[in-house]
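Listing of my_file15.tsv, TSV, C-alpha atoms and all ligand atoms
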chain	number	residue	atom	x	y	z
B	279	ARG	CA	-12.65	80.45	-10.20
B	280	PRO	CA	-12.78	78.00	-13.05
B	281	LEU	CA	-14.18	74.54	-12.39
B	282	ILE	CA	-12.00	71.81	-13.85
B	283	GLY	CA	-13.22	68.25	-14.25
B	284	VAL	CA	-11.03	65.18	-14.15
B	285	LEU	CA	-12.39	62.27	-16.17
B	286	ALA	CA	-12.67	59.69	-13.39
B	287	LEU	CA	-13.25	56.37	-15.12
B	288	GLN	CA	-9.76	54.97	-14.54
B	289	GLY	CA	-6.16	56.10	-14.13
B	290	ASP	CA	-4.36	58.62	-11.95
B	291	VAL	CA	-7.38	60.78	-11.17
B	292	ARG	CA	-6.21	61.59	-7.67
B	293	GLU	CA	-2.79	62.89	-8.76
B	294	HIS	CA	-4.35	65.25	-11.32
B	295	THR	CA	-6.92	66.41	-8.78
B	296	HIS	CA	-4.18	67.30	-6.29
B	297	ALA	CA	-2.04	69.07	-8.91
B	298	LEU	CA	-5.02	71.16	-10.06
B	299	GLN	CA	-6.06	71.99	-6.49
B	300	ALA	CA	-2.50	73.11	-5.76
B	301	CYS	CA	-2.93	75.58	-8.63
B	302	GLY	CA	-5.97	77.08	-6.90
B	303	VAL	CA	-8.86	75.90	-9.06
B	304	ASP	CA	-11.97	73.94	-8.11
B	305	VAL	CA	-11.90	70.32	-9.23
B	306	VAL	CA	-14.64	67.72	-9.69
B	307	PRO	CA	-14.54	64.11	-10.86
B	308	VAL	CA	-16.46	63.55	-14.10
B	309	ARG	CA	-18.28	60.26	-14.71
B	310	ARG	CA	-21.62	61.40	-16.10
B	311	ARG	CA	-22.98	63.66	-18.74
B	312	SER	CA	-24.38	66.16	-16.19
B	313	GLU	CA	-20.96	66.48	-14.52
B	314	LEU	CA	-19.31	67.03	-17.88
B	315	ALA	CA	-21.81	69.74	-18.72
B	316	ALA	CA	-20.82	71.77	-15.64
B	317	VAL	CA	-17.04	72.09	-16.12
B	318	ASP	CA	-14.99	74.88	-17.72
B	319	GLY	CA	-12.18	72.49	-18.65
B	320	LEU	CA	-11.43	68.77	-18.48
B	321	VAL	CA	-8.36	66.67	-17.76
B	322	ILE	CA	-8.12	63.14	-19.16
B	323	PRO	CA	-5.63	61.38	-16.89
B	324	GLY	CA	-2.96	58.81	-17.57
B	325	GLY	CA	-3.83	55.18	-17.16
B	326	GLU	CA	-4.77	52.66	-19.80
B	327	SER	CA	-6.43	54.02	-22.92
B	328	THR	CA	-8.03	50.69	-23.87
B	329	THR	CA	-9.74	50.50	-20.47
B	330	MET	CA	-10.88	54.12	-20.68
B	331	ASP	CA	-12.17	53.47	-24.20
B	332	ARG	CA	-14.27	50.59	-22.85
B	333	LEU	CA	-15.58	52.64	-19.92
B	334	LEU	CA	-16.36	55.66	-22.10
B	335	LYS	CA	-18.63	53.35	-24.09
B	336	VAL	CA	-20.23	51.84	-20.95
B	337	PHE	CA	-20.82	55.28	-19.39
B	338	GLU	CA	-22.06	56.63	-22.73
B	339	LEU	CA	-19.67	59.55	-22.58
B	340	TYR	CA	-18.20	59.48	-26.09
B	341	GLN	CA	-20.91	61.51	-27.74
B	342	PRO	CA	-21.24	64.19	-25.03
B	343	LEU	CA	-17.45	64.54	-24.85
B	344	ARG	CA	-17.12	64.96	-28.61
B	345	GLU	CA	-19.93	67.49	-28.58
B	346	ARG	CA	-18.35	69.57	-25.83
B	347	ILE	CA	-14.96	69.47	-27.57
B	348	ALA	CA	-16.55	70.54	-30.85
B	349	ASP	CA	-18.13	73.34	-28.83
B	350	GLY	CA	-14.73	74.56	-27.63
B	351	LEU	CA	-14.20	72.88	-24.24
B	352	PRO	CA	-10.53	73.12	-23.20
B	353	VAL	CA	-9.16	69.61	-22.58
B	354	TYR	CA	-5.77	68.43	-21.41
B	355	GLY	CA	-4.76	64.78	-21.78
B	356	SER	CA	-1.68	63.17	-20.25
B	357	CYS	CA	-0.33	59.88	-21.60
B	358	ALA	CA	-3.45	57.67	-22.04
B	359	GLY	CA	-5.32	60.99	-22.16
B	360	MET	CA	-3.13	62.06	-25.08
B	361	ILE	CA	-4.06	58.85	-26.90
B	362	LEU	CA	-7.76	59.55	-26.29
B	363	LEU	CA	-7.50	63.09	-27.66
B	364	ALA	CA	-5.71	62.00	-30.84
B	365	ASP	CA	-7.60	61.85	-34.12
B	366	ARG	CA	-5.47	58.86	-35.20
B	367	ILE	CA	-3.66	56.12	-33.25
B	368	LEU	CA	-1.06	53.59	-34.28
B	369	ASP	CA	-0.64	50.28	-32.42
B	370	GLY	CA	-4.08	50.63	-30.85
B	371	VAL	CA	-5.84	47.47	-29.72
B	372	GLY	CA	-8.38	46.26	-32.31
B	373	GLY	CA	-11.51	48.39	-32.18
B	374	GLN	CA	-10.00	50.95	-29.82
B	375	ALA	CA	-11.70	54.29	-30.43
B	376	THR	CA	-10.65	57.78	-29.43
B	377	VAL	CA	-12.52	60.92	-28.52
B	378	GLY	CA	-10.38	62.85	-30.98
B	379	GLY	CA	-10.12	66.58	-31.53
B	380	LEU	CA	-6.34	66.87	-31.78
B	381	ASP	CA	-5.13	66.61	-35.36
B	382	VAL	CA	-2.25	64.27	-34.51
B	383	THR	CA	-1.21	60.69	-35.03
B	384	VAL	CA	-0.12	59.08	-31.76
B	385	ARG	CA	1.76	55.81	-31.43
B	386	ARG	CA	0.77	53.82	-28.33
B	387	ASN	CA	3.53	52.35	-26.14
B	388	ALA	CA	6.00	53.94	-28.55
B	389	PHE	CA	8.97	53.99	-26.16
B	390	GLY	CA	8.07	50.52	-24.91
B	391	ARG	CA	10.30	48.85	-27.43
B	392	GLN	CA	13.27	50.56	-25.80
B	393	VAL	CA	12.29	50.86	-22.14
B	394	ASP	CA	8.99	50.83	-20.31
B	395	SER	CA	9.56	53.89	-18.19
B	396	PHE	CA	12.12	56.64	-18.01
B	397	GLU	CA	12.60	60.24	-16.96
B	398	GLU	CA	13.91	63.11	-19.03
B	399	ASP	CA	14.51	66.82	-18.74
B	400	LEU	CA	12.67	68.72	-21.44
B	401	ASP	CA	12.84	72.24	-22.82
B	402	ALA	CA	9.36	73.62	-23.26
B	403	PRO	CA	9.25	77.43	-23.43
B	404	LEU	CA	5.47	77.49	-23.88
B	405	LEU	CA	5.04	75.38	-20.76
B	406	GLY	CA	7.16	77.70	-18.65
B	407	ALA	CA	10.44	75.83	-19.21
B	408	GLY	CA	12.40	78.21	-21.43
B	409	PRO	CA	16.17	78.59	-21.71
B	410	MET	CA	16.36	80.64	-18.50
B	411	ASP	CA	14.12	78.30	-16.50
B	412	GLU	CA	14.48	74.95	-14.84
B	413	PRO	CA	13.92	72.27	-17.50
B	414	LEU	CA	10.72	70.30	-17.19
B	415	HIS	CA	11.44	66.98	-15.50
B	416	ALA	CA	9.17	64.56	-17.34
B	417	VAL	CA	8.18	61.05	-16.25
B	418	PHE	CA	7.24	58.65	-19.05
B	419	ILE	CA	5.39	55.39	-18.25
B	420	ARG	CA	4.66	53.11	-21.21
B	421	ALA	CA	4.16	56.37	-22.99
B	422	PRO	CA	2.97	57.19	-26.48
B	423	TRP	CA	4.69	59.71	-28.70
B	424	VAL	CA	3.24	61.93	-31.39
B	425	GLU	CA	4.25	60.54	-34.73
B	426	ALA	CA	2.76	63.25	-36.94
B	427	VAL	CA	1.00	66.58	-36.44
B	428	GLY	CA	-1.47	68.51	-38.59
B	429	ALA	CA	-0.87	72.09	-39.70
B	430	GLY	CA	-2.75	73.69	-36.79
B	431	VAL	CA	-0.83	71.85	-34.08
B	432	GLU	CA	1.87	73.53	-32.03
B	433	VAL	CA	4.73	71.33	-30.77
B	434	LEU	CA	5.42	72.18	-27.11
B	435	ALA	CA	8.22	69.75	-26.31
B	436	THR	CA	10.43	67.11	-27.90
B	437	VAL	CA	12.83	64.56	-26.40
B	438	ARG	CA	16.32	66.06	-26.14
B	439	SER	CA	18.61	63.03	-26.46
B	440	GLY	CA	18.88	59.27	-26.72
B	441	PRO	CA	17.32	56.96	-29.28
B	442	ALA	CA	14.03	58.86	-29.20
B	443	ALA	CA	15.64	62.31	-29.64
B	444	GLY	CA	13.38	64.67	-31.53
B	445	ARG	CA	10.19	62.75	-30.80
B	446	ILE	CA	7.24	65.02	-30.06
B	447	VAL	CA	5.91	64.58	-26.51
B	448	ALA	CA	3.75	67.67	-25.90
B	449	VAL	CA	1.34	69.47	-28.23
B	450	ARG	CA	-1.37	72.08	-28.28
B	451	GLN	CA	-4.07	72.87	-30.80
B	452	GLY	CA	-6.32	75.75	-29.80
B	453	VAL	CA	-7.73	74.85	-26.38
B	454	LEU	CA	-6.65	71.20	-26.57
B	455	MET	CA	-3.37	70.20	-24.97
B	456	ALA	CA	-1.63	66.86	-24.50
B	457	THR	CA	1.58	65.46	-23.04
B	458	ALA	CA	3.02	61.96	-23.40
B	459	PHE	CA	4.44	62.30	-19.88
B	460	HIS	CA	2.91	62.66	-16.40
B	461	PRO	CA	3.26	66.13	-14.86
B	462	GLU	CA	0.70	65.11	-12.22
B	463	ILE	CA	3.48	63.10	-10.57
B	464	GLY	CA	5.59	65.38	-8.42
B	465	SER	CA	5.30	68.98	-7.34
B	466	ASP	CA	6.11	70.88	-10.54
B	467	HIS	CA	2.76	72.22	-11.75
B	468	ARG	CA	3.86	74.24	-14.78
B	469	VAL	CA	1.95	72.05	-17.23
B	470	HIS	CA	-1.26	72.24	-15.20
B	471	ARG	CA	-0.84	76.00	-14.86
B	472	ALA	CA	-0.43	76.32	-18.64
B	473	PHE	CA	-3.68	74.41	-19.05
B	474	ILE	CA	-5.49	76.53	-16.46
B	475	ASP	CA	-4.27	79.65	-18.31
B	476	LEU	CA	-5.88	78.25	-21.47
B	477	VAL	CA	-9.14	77.65	-19.57
B	478	ARG	CA	-9.11	81.19	-18.12
B	479	ALA	CA	-8.36	82.81	-21.49
B	480	HIS	CA	-11.15	80.77	-23.06
B	481	ARG	CA	-13.61	81.84	-20.33
B	482	ARG	CA	-12.75	85.51	-20.87
B	483	ARG	CA	-13.35	85.16	-24.60
B	484	GLU	CA	-16.70	83.47	-23.96
B	485	HIS	CA	-17.75	86.26	-21.58
B	486	THR	CA	-16.91	89.05	-24.00
B	487	ARG	CA	-18.78	87.24	-26.75
B	488	ARG	CA	-22.00	87.16	-24.69
N	1	LIG	N1	0.22	52.60	-22.43
N	1	LIG	C1	-0.96	53.23	-21.92
N	1	LIG	C2	-2.08	53.23	-22.95
N	1	LIG	O1	-1.92	52.77	-24.03
N	1	LIG	C3	-0.70	54.66	-21.49
N	1	LIG	C4	0.22	54.67	-20.31
N	1	LIG	C5	-0.03	55.77	-19.33
N	1	LIG	O2	-1.02	56.50	-19.38
N	1	LIG	N2	0.88	55.88	-18.41
N	1	LIG	O3	-3.14	53.71	-22.66
Is it possible to give me this structure as C-alpha cells?
Ligand code: GLN
Amino acid sequence: RPLIGVLALQGDVREHTHALQACGVDVVPVRRRSELAAVDGLVIPGGESTTMDRLLKVFELYQPLRERIADGLPVYGSCAGMILLADRILDGVGGQATVGGLDVTVRRNAFGRQVDSFEEDLDAPLLGAGPMDEPLHAVFIRAPWVEAVGAGVEVLATVRSGPAAGRIVAVRQGVLMATAFHPEIGSDHRVHRAFIDLVRAHRRREHTRR
C-alpha cells in the first residue's frame, strides 16, 4: 500500500488524514525531512498559506520539498496547499514564498471580495464527476482561484455559475494536483481517490524503471 504524508505544520491535517485513511492508504504526518523522505505522495492541507510559509522556513522544509518535487513526488494541495504549489501568486503577503512546481498563477483570497465562503456543485470528469455522475460538491473557504495556467497544466474543474463563473478551481500537471476547495470536508472522497490513483500509477512506473 502506498504511504501518503500529510504536511502537518498547520491547517486541516486531521480531515485529510481521515479522508485518505477512508480510501485505504497508510498515512503519516510530515514535519521533518526524514518523514518527507519516506512517503510515496504528499498532501498539503488547507489552512493559512502565510503561516505555512513561515513554518516551512522554521522547519527547514522548503529545500527538501522542492527537491522531492523536482524528483517526481506526487503532491496534492487543497486551498492554502494550492497556493503553496503555485509557481506564482497574486495578492500574497509581502515576502510570502511558495514551494512551487505547478506552472500556474494563483490569486489568494480571490473570492473574498464577493463572499468569504460558499459551496458549489462542480463538473469534473477527471475527478470522477462526469455528466453521468453526481456533481462534486465543493466547499470554498477564503479560497484562491487559478488566474492563469501554463501549457502543461490540465484544468480539472471550473466554477459553473455566478460572478466567478469560469474561474479555474482544480488543476493537474503531471503528478501535481491542486484544488481551491476542500474535499477533505465531508464524505465524498473522489478527489483523494484521484490523487491516490496518481500515486499508484507513479509507483508502478518507478518499479518498471528499476
Ligand atoms: N486564504 C488562505 C490562504 O491564503 C487559504 C484558505 C484555506 O486554505 N481555506 O492561505
Exercise for the section: Grab me every residue within 12 Å of ligand LIG 1 (chain N), counting only C-alpha atoms and all ligand atoms, and send it over as a PyMOL selection string. Expected result: chain B and resi 288-291+322-332+355-364+367-371+374-376+384-391+394-396+417-423+456-463
Problem - Length of the CA of Arg471 (chain B) to CA of Arg488 (chain B) vector [Å] - result: 25.9 Å
Within 10 Å of region 407-412 of chain B, counting only C-alpha atoms, which residues qualify if same-chain residues fewer than 6 places away don't, as a PDB file with C-alpha atoms, keeping the file's coordinate frame?
ATOM      1  CA  ASP B 399      14.510  66.820 -18.740  1.00  0.00           C
ATOM      2  CA  LEU B 400      12.670  68.720 -21.440  1.00  0.00           C
ATOM      3  CA  ASP B 401      12.840  72.240 -22.820  1.00  0.00           C
ATOM      4  CA  ALA B 435       8.220  69.750 -26.310  1.00  0.00           C
ATOM      5  CA  ARG B 468       3.860  74.240 -14.780  1.00  0.00           C
ATOM      6  CA  VAL B 469       1.950  72.050 -17.230  1.00  0.00           C
TER       7      VAL B 469
END
Excluding Gln451 (chain B) and residues on its chain fewer than 5 positions from it, collect all residues at most 8 Å away from it, counting all atoms listed in the file, and give them as a tab-separated table (two decimals) with C-alpha atoms, in the coordinates of the input.
chain	number	residue	atom	x	y	z
B	380	LEU	CA	-6.34	66.87	-31.78
B	381	ASP	CA	-5.13	66.61	-35.36
B	430	GLY	CA	-2.75	73.69	-36.79
B	431	VAL	CA	-0.83	71.85	-34.08
B	432	GLU	CA	1.87	73.53	-32.03
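Considering the residues B:Asp318, B:Leu281, B:Glu293, B:Gly302 and counting all atoms listed in the file, Glu484 (chain B) has its shortest atom-to-atom contact with B:Asp318.
Checking B:Pro413, B:Pro352, B:Gly444, B:Gly406 one by one against Gly379 (chain B), counting all atoms listed in the file, you find the shortest gap at B:Pro352.
Checking B:Pro342, B:Ala286, B:Leu404, B:Gly440 one by one against Ser312 (chain B), counting all atoms listed in the file, you find the shortest gap at B:Pro342.
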Problem - Polymer residues at most 9 Å from (-14.2, 71.5, -23.6) by all atoms listed in the file, as an MDAnalysis selection string - result: chainID B and resid 314 317:320 343:353 453:454 477
Would you mind exporting C-alpha atoms of the selected residues as a CSV table (one decimal), in the coordinates of the input?
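The result, written out as part-v2.csv:
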chain,number,residue,atom,x,y,z
B,314,LEU,CA,-19.3,67.0,-17.9
B,317,VAL,CA,-17.0,72.1,-16.1
B,318,ASP,CA,-15.0,74.9,-17.7
B,319,GLY,CA,-12.2,72.5,-18.6
B,320,LEU,CA,-11.4,68.8,-18.5
B,343,LEU,CA,-17.4,64.5,-24.8
B,344,ARG,CA,-17.1,65.0,-28.6
B,345,GLU,CA,-19.9,67.5,-28.6
B,346,ARG,CA,-18.4,69.6,-25.8
B,347,ILE,CA,-15.0,69.5,-27.6
B,348,ALA,CA,-16.6,70.5,-30.8
B,349,ASP,CA,-18.1,73.3,-28.8
B,350,GLY,CA,-14.7,74.6,-27.6
B,351,LEU,CA,-14.2,72.9,-24.2
B,352,PRO,CA,-10.5,73.1,-23.2
B,353,VAL,CA,-9.2,69.6,-22.6
B,453,VAL,CA,-7.7,74.8,-26.4
B,454,LEU,CA,-6.6,71.2,-26.6
B,477,VAL,CA,-9.1,77.6,-19.6
Practice task
For CA of Gly452 (chain B) and CA of Thr486 (chain B), quote the distance in Å rounded to one decimal.
Solution key: 18.0 Å
Can you sort out the box for region 404-415 of chain B, edges along x, y and z, all listed atoms in, 8 Å on every side, with centre and edge lengths in Å to one decimal, as JSON?
{"center_x": 10.7, "center_y": 73.8, "center_z": -19.4, "size_x": 27.3, "size_y": 29.7, "size_z": 25.0}
Exercise for the section: Would you list the residues near (-12.8, 77.0, -13.8) (no more than 12 Å away, in the coordinates of the file, using all atoms listed in the file) as a PyMOL selection string? Expected result: chain B and resi 279-284+298-299+301-306+316-321+351-352+473-482
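Minimum atom-to-atom distances from B:Ala443, B:Val449, B:Leu333, B:Ala315 to Thr383 (chain B) were compared using all atoms listed in the file, and the lowest value belongs to B:Val449.
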